[in-house]
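Data first, discussion second: the structure below is written as structure tokens.
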There are 2 protein chains.
Amino acid sequence: MAKSTEGRGKSARTLAAILEAAEMLFARKGFDGTRLEDVAAAVGIRRPSISYYFRDKRVLYKAVQSAVLSGLRQRILGALARGAAPLERIENAITAWVHYVGERPATALIIMREIVETPGGRGPAAAEFLAPIVTAIRKEVEEGQRIGHFRAAEPLHFVFNIVGATTFFVTAGPILAPDLPFDPLDAEKQENHLFECLSVARRLLGVEAGSRVGAAAEGAAAK
Amino acid sequence: MAKSTEGRGKSARTLAAILEAAEMLFARKGFDGTRLEDVAAAVGIRRPSISYYFRDKRVLYKAVQSAVLSGLRQRILGALARGAAPLERIENAITAWVHYVGERPATALIIMREIVETPGGRGPAAAEFLAPIVTAIRKEVEEGQRIGHFRAAEPLHFVFNIVGATTFFVTAGPILAPDLPFDPLDAEKQENHLFECLSVARRLLGVEAGSRVGAAAEGAAAK
DNA sequence: GTCTATAACCCGATAGAC
DNA sequence: GTCTATCGGGTTATAGAC
């Protein structure tokens, strides 16, 4: 929007390249494991040049985290706003979630890293982005319970199950089944996973598998 | 067994204390985030004394990982051996899994850390312990499919879903719902989670929720 | 067995030239 | 904008006294 983020200058291109390289590296190696030197090398510049764009490493990390997670938040809250009944809105949100993670695999790794770093006390961090999403889902589940569409159950369990399932689907292959060729980025496997998530969601919400509410708004939810 | 691990000397007690402190710290802060000095402080000794028991930091980490994950493997494979039909054996394994993680919360964090570190290439690591478990479950699912008890589906999806759900159940509260008081160690919430895992498992395997196969061997599985 | 003291290393941050 | 050079904090590993 502003000239600082949209210019066509060398500056803007370098900045974008730094963010892109940092997203991949932070996701794969974590904050400590990523050397600023590696980010610079991936961009084709030298370490101190990064300081020209980001005051220090933590600021760079925050920028990456913000880009990934605010994109996720926007997608899910947008999807959640579409749909007539709670079940439909929730299914749109799940669809948006699975698709976003599929498009931007760093998402899953960054979320896992944030979860795992939180008990250590290093930074409040991602809660700023993720908590609003979870709250919105929870409200939707509670609304569905109130009007008798869903069974009574702890909404958080529902959230943890879906988020955990997709996150592991994308990341856990290499360690849980290292000798199997499992590609989570394969489109067919991904739709398969989405289908199972929707099925599990209905089971957890106490909705019979019959009715066919969700699949309609799919195109809108994905974009 | 041998005198080196079972002796009543000061040595054995210090070693056990180091392992215990390191398990908590590695789980909470990770490999890089844990300073040997903190481990020493938790035990009440000084940093170089750790070197007397473990040649370097990596060896200490491996020892912790081995303790946690080989315990898990033993528990799950043991549970999987009990039960007449695939469904019953799988339900025993899920029960053992949820209970183990509940008893030893470091398990979930260490598994997540291993998953997240693997793409970074730092150490082959936990696959040695986890892959055999997953393979055994997979075989059981495939057997159930072969004899027509389960629907056809990718067994790995099933595994990722259950493992991801429990892992997030235990760890994700502080970051996904920071303002809610959510205690995953609460016994009632844990049984609730187990119940939902079993329900989800049946859904994913295509088994009707009706029959009451699993709950019997529970006591044996937990011990 | 446990300590003190120190060596060696890595990496992020900064000064300042171009 | 990007570089070279350097400083400095923090942590591991090790030598050697007790």
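Naming scheme: A, B, ... for chains in displayed order of the structure tokens; residues 1 onward per chain; ligands 1 onward as shown.
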
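Any residue of chain A with an atom no more than 8 Å from chain D counts as a contact; using only C-alpha atoms (C1' of nucleotides), that gives Ser11, Ile45, Arg46, Ser49 and Tyr52 of chain A.
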
If the cut-off is 8 Å, can you tell me the residues of chain B near chain A, counting only C-alpha atoms? I'd like them as number ranges by chain. B: 28-30, 32, 109, 112-120, 126-127, 130-131, 134-135, 157, 160-169, 171-172, 174-178, 193, 196, 199-200, 203-204

Next, the residues of the selection above should be written as a short mmCIF file (atom, residue, chain, number, x, y, z; two decimals), in the first residue's frame with C-alpha atoms.
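The result, written out as again-v6.cif:
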data_model
loop_
_atom_site.label_atom_id
_atom_site.label_comp_id
_atom_site.auth_asym_id
_atom_site.auth_seq_id
_atom_site.Cartn_x
_atom_site.Cartn_y
_atom_site.Cartn_z
CA ARG B 28 10.58 -26.85 27.87
CA LYS B 29 13.48 -24.99 26.29
CA GLY B 30 14.81 -27.29 23.63
CA ASP B 32 19.78 -24.95 22.14
CA LEU B 109 7.00 -31.53 23.77
CA MET B 112 7.05 -31.94 18.66
CA ARG B 113 10.59 -30.70 18.91
CA GLU B 114 11.87 -33.72 17.06
CA ILE B 115 9.35 -33.26 14.28
CA VAL B 116 10.17 -29.64 13.96
CA GLU B 117 13.94 -30.13 14.00
CA THR B 118 13.95 -32.94 11.48
CA PRO B 119 13.55 -30.83 8.33
CA GLY B 120 16.43 -28.70 9.54
CA ALA B 126 13.70 -39.87 17.30
CA ALA B 127 12.69 -41.80 14.22
CA LEU B 130 8.86 -43.62 16.80
CA ALA B 131 8.95 -45.31 13.42
CA VAL B 134 3.91 -46.23 13.66
CA THR B 135 4.78 -49.26 11.61
CA HIS B 157 -3.66 -40.22 8.09
CA PHE B 160 -1.22 -38.37 12.26
CA ASN B 161 -4.67 -37.43 13.41
CA ILE B 162 -4.51 -39.22 16.73
CA VAL B 163 -0.93 -38.27 17.52
CA GLY B 164 -1.49 -34.68 16.48
CA ALA B 165 -4.68 -34.39 18.48
CA THR B 166 -3.15 -35.60 21.73
CA THR B 167 0.05 -33.67 21.28
CA PHE B 168 -1.84 -30.44 20.73
CA PHE B 169 -4.24 -31.25 23.53
CA THR B 171 0.78 -28.49 24.63
CA ALA B 172 -1.25 -26.00 22.65
CA PRO B 174 -1.15 -21.59 26.31
CA ILE B 175 -0.78 -20.39 22.77
CA LEU B 176 -4.11 -21.16 21.15
CA ALA B 177 -6.21 -20.08 24.10
CA PRO B 178 -3.94 -18.08 26.40
CA HIS B 193 -9.81 -36.47 25.45
CA GLU B 196 -12.88 -38.40 21.86
CA SER B 199 -14.47 -41.92 18.84
CA VAL B 200 -12.42 -40.21 16.14
CA ARG B 203 -14.80 -42.70 12.51
CA LEU B 204 -11.52 -42.71 10.62
#

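With distances taken over only C-alpha atoms (C1' of nucleotides), A:Ile50 is the one residue among A:Ala187, A:Val43, A:Ala67, A:Ile50 lying closest to chain C.
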
Set the cut-off to 9 Å and count only C-alpha atoms (C1' of nucleotides): what are the residues of chain C that reach chain A? Output as a ChimeraX atom specification. /C:11-13

Please write the residues from the selection above to a file, keeping C-alpha atoms (C1' of nucleotides), as a PDB file, in the first residue's frame.
ATOM      1  C1'  DC C  11      27.142 -15.470  16.177  1.00  0.00           C
ATOM      2  C1'  DG C  12      24.825 -11.092  16.374  1.00  0.00           C
ATOM      3  C1'  DA C  13      25.565  -6.245  16.451  1.00  0.00           C
TER       4       DA C  13
END

If I take CA of Lys139 in chain B and CA of His99 in chain B, how far is one from the other in Å, to one decimal?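 A separation of 22.3 Å between them.
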
Selection near Val64 in chain A, 9 Å with only C-alpha atoms (C1' of nucleotides), sequence-local residues under 3 positions removed, as a list of chain:residue names: A:Leu19, A:Glu20, A:Ala22, A:Glu23, A:Phe26, A:Val59, A:Leu60, A:Tyr61, A:Ala67, A:Val68, A:Leu69

Now that the selection is made, can you save its residues with N, CA, C and O atoms as a PDB file, in the first residue's frame?
ATOM      1  N   LEU A  19      12.613 -11.476   3.449  1.00  0.00           N
ATOM      2  CA  LEU A  19      11.463 -12.066   4.144  1.00  0.00           C
ATOM      3  C   LEU A  19      11.183 -13.475   3.656  1.00  0.00           C
ATOM      4  O   LEU A  19      10.889 -14.374   4.441  1.00  0.00           O
ATOM      5  N   GLU A  20      11.287 -13.658   2.364  1.00  0.00           N
ATOM      6  CA  GLU A  20      10.996 -14.983   1.806  1.00  0.00           C
ATOM      7  C   GLU A  20      12.019 -16.016   2.270  1.00  0.00           C
ATOM      8  O   GLU A  20      11.669 -17.115   2.692  1.00  0.00           O
ATOM      9  N   ALA A  22      13.911 -15.788   4.896  1.00  0.00           N
ATOM     10  CA  ALA A  22      13.808 -15.958   6.347  1.00  0.00           C
ATOM     11  C   ALA A  22      12.619 -16.838   6.709  1.00  0.00           C
ATOM     12  O   ALA A  22      12.694 -17.629   7.648  1.00  0.00           O
ATOM     13  N   GLU A  23      11.538 -16.725   5.962  1.00  0.00           N
ATOM     14  CA  GLU A  23      10.366 -17.558   6.261  1.00  0.00           C
ATOM     15  C   GLU A  23      10.716 -19.034   6.165  1.00  0.00           C
ATOM     16  O   GLU A  23      10.409 -19.831   7.039  1.00  0.00           O
ATOM     17  N   PHE A  26      13.564 -19.847   9.037  1.00  0.00           N
ATOM     18  CA  PHE A  26      13.022 -19.870  10.400  1.00  0.00           C
ATOM     19  C   PHE A  26      12.110 -21.076  10.591  1.00  0.00           C
ATOM     20  O   PHE A  26      12.111 -21.721  11.632  1.00  0.00           O
ATOM     21  N   VAL A  59      13.408  -8.714  15.311  1.00  0.00           N
ATOM     22  CA  VAL A  59      12.473  -7.934  14.499  1.00  0.00           C
ATOM     23  C   VAL A  59      12.205  -8.651  13.178  1.00  0.00           C
ATOM     24  O   VAL A  59      11.065  -8.691  12.694  1.00  0.00           O
ATOM     25  N   LEU A  60      13.239  -9.214  12.622  1.00  0.00           N
ATOM     26  CA  LEU A  60      13.044  -9.986  11.386  1.00  0.00           C
ATOM     27  C   LEU A  60      12.115 -11.168  11.624  1.00  0.00           C
ATOM     28  O   LEU A  60      11.202 -11.442  10.835  1.00  0.00           O
ATOM     29  N   TYR A  61      12.334 -11.862  12.727  1.00  0.00           N
ATOM     30  CA  TYR A  61      11.490 -13.011  13.022  1.00  0.00           C
ATOM     31  C   TYR A  61      10.031 -12.597  13.180  1.00  0.00           C
ATOM     32  O   TYR A  61       9.122 -13.242  12.640  1.00  0.00           O
ATOM     33  N   ALA A  67       3.706 -12.015   8.896  1.00  0.00           N
ATOM     34  CA  ALA A  67       3.267 -12.253   7.517  1.00  0.00           C
ATOM     35  C   ALA A  67       2.516 -13.576   7.411  1.00  0.00           C
ATOM     36  O   ALA A  67       1.421 -13.648   6.838  1.00  0.00           O
ATOM     37  N   VAL A  68       3.087 -14.618   8.000  1.00  0.00           N
ATOM     38  CA  VAL A  68       2.478 -15.944   7.886  1.00  0.00           C
ATOM     39  C   VAL A  68       1.161 -16.026   8.657  1.00  0.00           C
ATOM     40  O   VAL A  68       0.143 -16.477   8.126  1.00  0.00           O
ATOM     41  N   LEU A  69       1.193 -15.567   9.886  1.00  0.00           N
ATOM     42  CA  LEU A  69       0.034 -15.788  10.745  1.00  0.00           C
ATOM     43  C   LEU A  69      -1.092 -14.783  10.530  1.00  0.00           C
ATOM     44  O   LEU A  69      -2.260 -15.112  10.724  1.00  0.00           O
TER      45      LEU A  69
END

Expressed in Å to a single decimal, how great is the separation between CA of Arg151 in chain A and CA of Gly206 in chain A?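 Between CA of Arg151 in chain A and CA of Gly206 in chain A the gap works out to 5.1 Å.
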
Using Å and a single decimal, report how far CA of Leu198 in chain A sits from CA of Glu91 in chain B.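 Distance between the two atoms: 22.0 Å.
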
DSSP says helix (DSSP H, G or I) for which residues of range 5-216 of chain B? Put them as a ChimeraX atom specification? /B:5-6,10-33,36-43,47-53,57-80,86-103,106-120,127-146,155-171,173-176,187-205,214-216

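All residues of protein, DNA or RNA that reach within 8 Å of Leu72 in chain B, judged by only C-alpha atoms (C1' of nucleotides) and not counting those fewer than 4 positions away in the chain, are Val68, Ile76, Trp97 and Tyr100 of chain B.
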